[in-house]
>>> print(open('final-v7.csv').read())   # CSV, C-alpha atoms
chain,number,residue,atom,x,y,z
A,1,MET,CA,-14.3,23.5,-33.6
A,2,LYS,CA,-13.7,25.6,-30.5
A,3,ILE,CA,-10.9,27.5,-28.8
A,4,ARG,CA,-9.4,25.2,-26.2
A,5,ALA,CA,-7.0,27.9,-24.8
A,6,VAL,CA,-5.8,31.4,-25.4
A,7,CYS,CA,-2.1,31.8,-24.3
A,8,ARG,CA,0.2,34.8,-23.8
A,9,GLY,CA,3.8,35.1,-22.7
A,10,ASN,CA,6.1,37.3,-20.7
A,11,PRO,CA,9.8,37.9,-21.3
A,12,GLU,CA,12.1,35.4,-19.6
A,13,VAL,CA,15.5,33.8,-20.0
A,14,LEU,CA,15.5,30.0,-20.6
A,15,PRO,CA,18.1,27.8,-18.9
A,16,GLY,CA,21.4,27.9,-20.7
A,17,LYS,CA,20.5,31.0,-22.8
A,18,LYS,CA,21.4,34.6,-22.3
A,19,TYR,CA,18.6,36.3,-24.3
A,20,LYS,CA,15.0,36.9,-23.4
A,21,THR,CA,12.2,35.1,-25.1
A,22,GLY,CA,8.4,35.1,-24.9
A,23,ILE,CA,8.0,31.5,-26.0
A,24,ASN,CA,6.6,30.3,-22.7
A,25,LYS,CA,2.9,31.1,-23.0
A,26,ILE,CA,0.3,30.7,-20.2
A,27,ALA,CA,-3.4,30.1,-20.7
A,28,LEU,CA,-5.6,33.1,-19.9
A,29,ALA,CA,-9.0,33.3,-18.3
A,30,GLY,CA,-11.5,35.7,-19.8
A,31,PRO,CA,-11.5,37.7,-23.1
A,32,THR,CA,-8.3,39.0,-24.6
A,33,MET,CA,-8.0,41.6,-27.3
A,34,VAL,CA,-6.4,40.7,-30.7
A,35,ASP,CA,-5.1,43.4,-33.0
A,36,ALA,CA,-3.0,43.5,-36.1
A,37,GLN,CA,0.1,42.6,-34.0
A,38,GLY,CA,-1.5,39.7,-32.3
A,39,LEU,CA,-2.6,39.2,-28.7
A,40,VAL,CA,-2.4,42.5,-26.8
A,41,GLY,CA,0.3,42.1,-24.1
A,42,ASP,CA,2.0,39.1,-25.6
A,43,SER,CA,5.8,39.4,-25.6
A,44,ILE,CA,7.8,39.1,-28.8
A,45,CYS,CA,11.4,39.5,-28.0
A,46,ASN,CA,13.0,38.6,-31.4
A,47,GLY,CA,11.2,40.8,-34.0
A,48,LYS,CA,13.5,39.7,-36.8
A,49,HIS,CA,12.2,36.1,-36.8
A,50,HIS,CA,9.0,36.3,-34.8
A,51,GLY,CA,5.8,38.4,-34.6
A,52,GLY,CA,4.8,41.1,-37.0
A,53,VAL,CA,1.6,41.4,-38.9
A,54,GLU,CA,2.4,38.3,-41.0
A,55,GLN,CA,3.0,36.1,-37.9
A,56,ALA,CA,0.7,37.9,-35.5
A,57,ILE,CA,-1.0,34.8,-34.1
A,58,TYR,CA,0.5,31.3,-33.8
A,59,LEU,CA,-2.0,28.5,-33.4
A,60,GLU,CA,-1.8,24.8,-32.9
A,61,GLY,CA,-4.5,22.1,-33.4
A,62,SER,CA,-5.5,19.9,-30.5
A,63,ILE,CA,-5.1,16.8,-32.7
A,64,ASP,CA,-1.4,17.6,-33.3
A,65,LEU,CA,-0.7,18.4,-29.6
A,66,SER,CA,-2.3,15.0,-28.7
A,67,TRP,CA,0.0,13.4,-31.2
A,68,TRP,CA,3.0,15.1,-29.7
A,69,GLU,CA,1.9,14.0,-26.2
A,70,ASN,CA,2.0,10.4,-27.4
A,71,GLU,CA,5.3,10.9,-29.3
A,72,LEU,CA,7.0,12.6,-26.3
A,73,GLY,CA,5.3,10.5,-23.6
A,74,ARG,CA,4.3,13.4,-21.5
A,75,ALA,CA,1.5,15.9,-21.0
A,76,LEU,CA,1.8,19.2,-22.8
A,77,PRO,CA,0.2,22.1,-21.0
A,78,PRO,CA,-1.3,24.9,-23.1
A,79,GLY,CA,1.3,27.3,-24.4
A,80,ILE,CA,4.3,25.0,-24.2
A,81,PHE,CA,5.0,25.2,-27.9
A,82,GLY,CA,4.7,29.0,-27.7
A,83,GLU,CA,1.2,28.9,-29.3
A,84,ASN,CA,-1.3,31.7,-28.8
A,85,LEU,CA,-4.3,29.6,-29.6
A,86,ILE,CA,-5.2,25.9,-29.4
A,87,ILE,CA,-8.1,25.0,-31.7
A,88,GLU,CA,-10.0,21.9,-30.5
A,89,GLY,CA,-10.5,19.4,-33.3
A,90,LEU,CA,-8.0,20.9,-35.7
A,91,ASP,CA,-5.4,18.9,-37.6
A,92,ASN,CA,-2.6,21.3,-38.7
A,93,ARG,CA,-1.8,19.0,-41.7
A,94,THR,CA,-5.1,20.0,-43.4
A,95,LEU,CA,-4.2,23.7,-43.4
A,96,ALA,CA,-3.0,25.8,-46.3
A,97,ALA,CA,-2.0,29.4,-46.8
A,98,GLY,CA,-5.1,31.6,-47.1
A,99,ASP,CA,-7.3,29.4,-45.0
A,100,ARG,CA,-9.3,31.6,-42.6
A,101,PHE,CA,-10.6,31.2,-39.0
A,102,ALA,CA,-13.6,33.2,-37.9
A,103,ILE,CA,-13.8,33.5,-34.1
A,104,GLY,CA,-16.6,35.9,-33.1
A,105,ASP,CA,-15.6,39.2,-34.6
A,106,VAL,CA,-12.0,38.1,-35.2
A,107,LEU,CA,-10.9,36.9,-38.6
A,108,LEU,CA,-7.5,35.2,-39.0
A,109,GLU,CA,-5.7,34.1,-42.2
A,110,VAL,CA,-3.1,31.4,-42.3
A,111,THR,CA,0.3,32.7,-43.8
A,112,SER,CA,2.9,30.0,-43.1
A,113,PRO,CA,3.9,27.0,-40.9
A,114,ARG,CA,5.9,27.4,-37.7
A,115,MET,CA,9.5,26.4,-38.4
A,116,PRO,CA,11.3,25.1,-35.3
A,117,CYS,CA,14.3,27.0,-33.9
A,118,ALA,CA,16.9,26.7,-31.2
A,119,THR,CA,14.7,28.6,-28.7
A,120,PHE,CA,12.0,26.0,-29.2
A,121,ALA,CA,14.5,23.2,-28.6
A,122,ALA,CA,15.7,24.8,-25.4
A,123,ARG,CA,12.1,25.3,-24.2
A,124,MET,CA,11.2,21.7,-24.9
A,125,SER,CA,14.4,20.1,-23.5
A,126,GLU,CA,13.9,17.2,-25.8
A,127,PRO,CA,16.8,15.7,-27.8
A,128,GLY,CA,16.7,16.6,-31.5
A,129,MET,CA,13.4,18.4,-31.1
A,130,VAL,CA,14.0,20.8,-34.0
A,131,LYS,CA,14.5,18.0,-36.5
A,132,ARG,CA,11.7,15.9,-35.0
A,133,TYR,CA,9.2,18.8,-35.3
A,134,ALA,CA,10.3,19.5,-38.9
A,135,ARG,CA,10.2,15.8,-39.8
A,136,ALA,CA,6.8,15.3,-38.4
A,137,ALA,CA,5.4,17.9,-40.8
A,138,ARG,CA,2.7,18.9,-38.3
A,139,GLY,CA,3.7,22.5,-37.9
A,140,GLY,CA,1.4,25.0,-36.3
A,141,ALA,CA,0.1,27.9,-38.3
A,142,TYR,CA,1.1,31.6,-38.2
A,143,CYS,CA,-1.8,33.9,-39.1
A,144,ARG,CA,-2.3,37.5,-40.0
A,145,VAL,CA,-5.2,39.3,-38.3
A,146,LEU,CA,-7.7,40.6,-40.9
A,147,THR,CA,-10.3,41.7,-38.3
A,148,ALA,CA,-9.5,42.6,-34.7
A,149,GLY,CA,-11.6,41.9,-31.7
A,150,LEU,CA,-11.9,39.9,-28.5
A,151,ILE,CA,-11.4,36.2,-28.2
A,152,GLU,CA,-11.5,33.7,-25.3
A,153,ALA,CA,-11.5,30.0,-24.6
A,154,GLY,CA,-14.7,28.2,-25.4
A,155,GLN,CA,-15.6,30.3,-28.4
A,156,ASP,CA,-16.7,28.5,-31.6
A,157,VAL,CA,-14.3,28.6,-34.5
A,158,ALA,CA,-15.4,28.4,-38.2
A,159,LEU,CA,-12.7,27.3,-40.7
A,160,MET,CA,-13.1,28.8,-44.2
A,161,PRO,CA,-10.7,27.1,-46.7
A,162,TYR,CA,-8.9,29.2,-49.2
A,163,ASP,CA,-10.6,28.9,-52.6
A,164,GLY,CA,-7.5,29.3,-54.8
A,165,GLU,CA,-4.8,26.8,-55.6
A,166,ARG,CA,-3.7,25.4,-52.2
A,167,VAL,CA,-0.2,25.6,-50.8
A,168,SER,CA,-0.4,23.4,-47.7
A,169,LEU,CA,1.6,23.8,-44.5
A,170,PRO,CA,3.3,20.4,-44.8
A,171,GLU,CA,4.4,21.3,-48.3
A,172,MET,CA,5.8,24.6,-47.2
A,173,MET,CA,7.7,22.9,-44.4
A,174,ALA,CA,9.1,20.3,-46.8
A,175,THR,CA,10.3,22.9,-49.3
A,176,PHE,CA,11.6,25.4,-46.8
A,177,GLY,CA,15.1,26.6,-47.8
A,178,ARG,CA,15.0,24.6,-51.0
A,179,SER,CA,14.9,25.5,-54.6
A,180,LEU,CA,11.4,25.5,-56.1
A,181,SER,CA,10.4,24.5,-59.6
A,182,GLN,CA,9.0,27.3,-61.8
A,183,ASP,CA,5.5,26.0,-61.4
A,184,ASP,CA,5.8,25.8,-57.6
A,185,ARG,CA,7.3,29.3,-57.5
A,186,GLN,CA,4.3,30.7,-59.4
A,187,ARG,CA,1.9,28.8,-57.2
A,188,TYR,CA,3.6,30.0,-54.0
A,189,LEU,CA,3.7,33.6,-55.1
A,190,ALA,CA,0.1,33.6,-56.2
A,191,ALA,CA,-1.1,32.3,-52.8
A,192,PRO,CA,-1.4,34.6,-49.7
A,193,ILE,CA,1.6,33.2,-48.0
A,194,ASN,CA,3.8,35.0,-45.5
A,195,ASP,CA,5.5,38.1,-47.2
A,196,ARG,CA,8.8,37.0,-45.7
A,197,TRP,CA,8.6,33.7,-47.6
A,198,LYS,CA,7.6,35.6,-50.8
A,199,GLN,CA,10.6,37.9,-50.5
A,200,ASP,CA,12.9,34.9,-50.1
A,201,ILE,CA,11.4,33.2,-53.2
A,202,ARG,CA,11.8,36.4,-55.3
A,203,ARG,CA,15.4,36.8,-54.1
A,204,ALA,CA,16.2,33.2,-55.1
A,205,ILE,CA,15.1,33.9,-58.7
A,206,SER,CA,16.5,37.4,-59.1
>>> encode(input="final-v7.csv", output="structure tokens")
Amino acid sequence: MKIRAVCRGNPEVLPGKKYKTGINKIALAGPTMVDAQGLVGDSICNGKHHGGVEQAIYLEGSIDLSWWENELGRALPPGIFGENLIIEGLDNRTLAAGDRFAIGDVLLEVTSPRMPCATFAARMSEPGMVKRYARAARGGAYCRVLTAGLIEAGQDVALMPYDGERVSLPEMMATFGRSLSQDDRQRYLAAPINDRWKQDIRRAIS
């Protein structure tokens, strides 16, 4: 696999909205620094729900973006979903929490799927896009940065699957906001999933 594009956003106000967002990412030329907070210079305007060390990098697989191009009947330029990275040859549905991507010196670890929101719907201007994205169960991956460094389009990407019990991104999307069985709670809490998700699970059983 390779990096097809590295994308970064600037604050802007979408049509019909009053708040600023950095969801509209633009593909970059040349190397870009990645640190614990993500791509250096990338705009995160809503820190409550986006960004932070558990969601430092958001990536999409090229297989899923191609699927969405067919589904929506239009070309999707790099960054349109708000993604920081597009990985050539990746199918998001195969990913699980704890899977790692090695890109040069950079090491990323998958923490959770991207869950669609109203800002995403406004960006896409597609009827029912939030439900369509969730129903498709092809959510992109949020990652924490384990090792910082420089990345750029064209670099090779090595995928290292998590060697523990897998909690897949489609499963996390399907169970989001729902009660988990005792076995599933234990499995989720044992996996290196997003700390925000773990906090929600613990609150639900406290």
>>> closest_atom_pairs(input="final-v7.csv", of="stretch 44-130 of chain A", to="stretch 159-169 of chain A", cutoff="6 Å", atoms="all atoms listed in the file", output="Markdown table")
| residue | atom | partner | partner_atom | distance |
| --- | --- | --- | --- | --- |
| A:Leu95 | CA | A:Ser168 | CA | 5.7 |
| A:Ala96 | CA | A:Ser168 | CA | 3.8 |
| A:Ala97 | CA | A:Val167 | CA | 5.8 |
| A:Gly98 | CA | A:Tyr162 | CA | 5.0 |
| A:Asp99 | CA | A:Pro161 | CA | 4.4 |
| A:Arg100 | CA | A:Met160 | CA | 5.0 |
| A:Phe101 | CA | A:Leu159 | CA | 4.7 |
| A:Pro113 | CA | A:Leu169 | CA | 5.3 |
>>> closest_residue(input="final-v7.csv", among="A:Pro77, A:Pro170, A:Gly128, A:Gly149", to="A:Asp105", atoms="only C-alpha atoms")
A:Gly149
>>> atom_distance(input="final-v7.csv", atom1="atom CA of A:Gln199", atom2="atom CA of A:Gln182")
15.6 Å
>>> residues_around(input="final-v7.csv", residues="stretch 87-93 of chain A", least_positions_apart="3", cutoff="8 Å", atoms="all atoms listed in the file", output="PDB file with C-alpha atoms, in the frame of the given file")
ATOM      1  CA  MET A   1     -14.300  23.500 -33.600  1.00  0.00           C
ATOM      2  CA  LYS A   2     -13.700  25.600 -30.500  1.00  0.00           C
ATOM      3  CA  ILE A   3     -10.900  27.500 -28.800  1.00  0.00           C
ATOM      4  CA  ARG A   4      -9.400  25.200 -26.200  1.00  0.00           C
ATOM      5  CA  ALA A   5      -7.000  27.900 -24.800  1.00  0.00           C
ATOM      6  CA  LEU A  59      -2.000  28.500 -33.400  1.00  0.00           C
ATOM      7  CA  GLU A  60      -1.800  24.800 -32.900  1.00  0.00           C
ATOM      8  CA  GLY A  61      -4.500  22.100 -33.400  1.00  0.00           C
ATOM      9  CA  SER A  62      -5.500  19.900 -30.500  1.00  0.00           C
ATOM     10  CA  ILE A  63      -5.100  16.800 -32.700  1.00  0.00           C
ATOM     11  CA  ASP A  64      -1.400  17.600 -33.300  1.00  0.00           C
ATOM     12  CA  ALA A 137       5.400  17.900 -40.800  1.00  0.00           C
ATOM     13  CA  ARG A 138       2.700  18.900 -38.300  1.00  0.00           C
ATOM     14  CA  GLY A 139       3.700  22.500 -37.900  1.00  0.00           C
ATOM     15  CA  GLY A 140       1.400  25.000 -36.300  1.00  0.00           C
ATOM     16  CA  ALA A 141       0.100  27.900 -38.300  1.00  0.00           C
ATOM     17  CA  VAL A 157     -14.300  28.600 -34.500  1.00  0.00           C
ATOM     18  CA  SER A 168      -0.400  23.400 -47.700  1.00  0.00           C
ATOM     19  CA  LEU A 169       1.600  23.800 -44.500  1.00  0.00           C
ATOM     20  CA  PRO A 170       3.300  20.400 -44.800  1.00  0.00           C
TER      21      PRO A 170
END
>>> residues_around(input="final-v7.csv", residues="A:Pro78", least_positions_apart="3", cutoff="12 Å", atoms="all atoms listed in the file", output="PDB file with C-alpha atoms, in the frame of the given file")
ATOM      1  CA  ILE A   3     -10.900  27.500 -28.800  1.00  0.00           C
ATOM      2  CA  ARG A   4      -9.400  25.200 -26.200  1.00  0.00           C
ATOM      3  CA  ALA A   5      -7.000  27.900 -24.800  1.00  0.00           C
ATOM      4  CA  VAL A   6      -5.800  31.400 -25.400  1.00  0.00           C
ATOM      5  CA  CYS A   7      -2.100  31.800 -24.300  1.00  0.00           C
ATOM      6  CA  ARG A   8       0.200  34.800 -23.800  1.00  0.00           C
ATOM      7  CA  GLY A   9       3.800  35.100 -22.700  1.00  0.00           C
ATOM      8  CA  ILE A  23       8.000  31.500 -26.000  1.00  0.00           C
ATOM      9  CA  ASN A  24       6.600  30.300 -22.700  1.00  0.00           C
ATOM     10  CA  LYS A  25       2.900  31.100 -23.000  1.00  0.00           C
ATOM     11  CA  ILE A  26       0.300  30.700 -20.200  1.00  0.00           C
ATOM     12  CA  ALA A  27      -3.400  30.100 -20.700  1.00  0.00           C
ATOM     13  CA  LEU A  28      -5.600  33.100 -19.900  1.00  0.00           C
ATOM     14  CA  LEU A  59      -2.000  28.500 -33.400  1.00  0.00           C
ATOM     15  CA  GLU A  60      -1.800  24.800 -32.900  1.00  0.00           C
ATOM     16  CA  GLY A  61      -4.500  22.100 -33.400  1.00  0.00           C
ATOM     17  CA  SER A  62      -5.500  19.900 -30.500  1.00  0.00           C
ATOM     18  CA  LEU A  65      -0.700  18.400 -29.600  1.00  0.00           C
ATOM     19  CA  SER A  66      -2.300  15.000 -28.700  1.00  0.00           C
ATOM     20  CA  GLU A  69       1.900  14.000 -26.200  1.00  0.00           C
ATOM     21  CA  ALA A  75       1.500  15.900 -21.000  1.00  0.00           C
ATOM     22  CA  PHE A  81       5.000  25.200 -27.900  1.00  0.00           C
ATOM     23  CA  GLY A  82       4.700  29.000 -27.700  1.00  0.00           C
ATOM     24  CA  GLU A  83       1.200  28.900 -29.300  1.00  0.00           C
ATOM     25  CA  ASN A  84      -1.300  31.700 -28.800  1.00  0.00           C
ATOM     26  CA  LEU A  85      -4.300  29.600 -29.600  1.00  0.00           C
ATOM     27  CA  ILE A  86      -5.200  25.900 -29.400  1.00  0.00           C
ATOM     28  CA  ILE A  87      -8.100  25.000 -31.700  1.00  0.00           C
ATOM     29  CA  GLU A  88     -10.000  21.900 -30.500  1.00  0.00           C
ATOM     30  CA  ALA A 153     -11.500  30.000 -24.600  1.00  0.00           C
TER      31      ALA A 153
END
>>> closest_residue(input="final-v7.csv", among="A:Tyr58, A:Arg123, A:Met173, A:Arg203", to="A:Arg185", atoms="all atoms listed in the file")
A:Arg203
>>> residues_around(input="final-v7.csv", residues="A:Gln55", least_positions_apart="5", cutoff="9 Å", atoms="all atoms listed in the file", output="list in words")
Gln37, Gly38, His50, Val110, Thr111, Ser112, Ala141, Tyr142, Cys143, Arg144, Val145 and Asn194 of chain A
>>> atom_distance(input="final-v7.csv", atom1="atom CA of A:Met172", atom2="atom CA of A:Ala148")
26.7 Å
>>> closest_residue(input="final-v7.csv", among="A:Ile103, A:Leu39, A:Leu72, A:Val53", to="A:Asp156", atoms="all atoms listed in the file")
A:Ile103
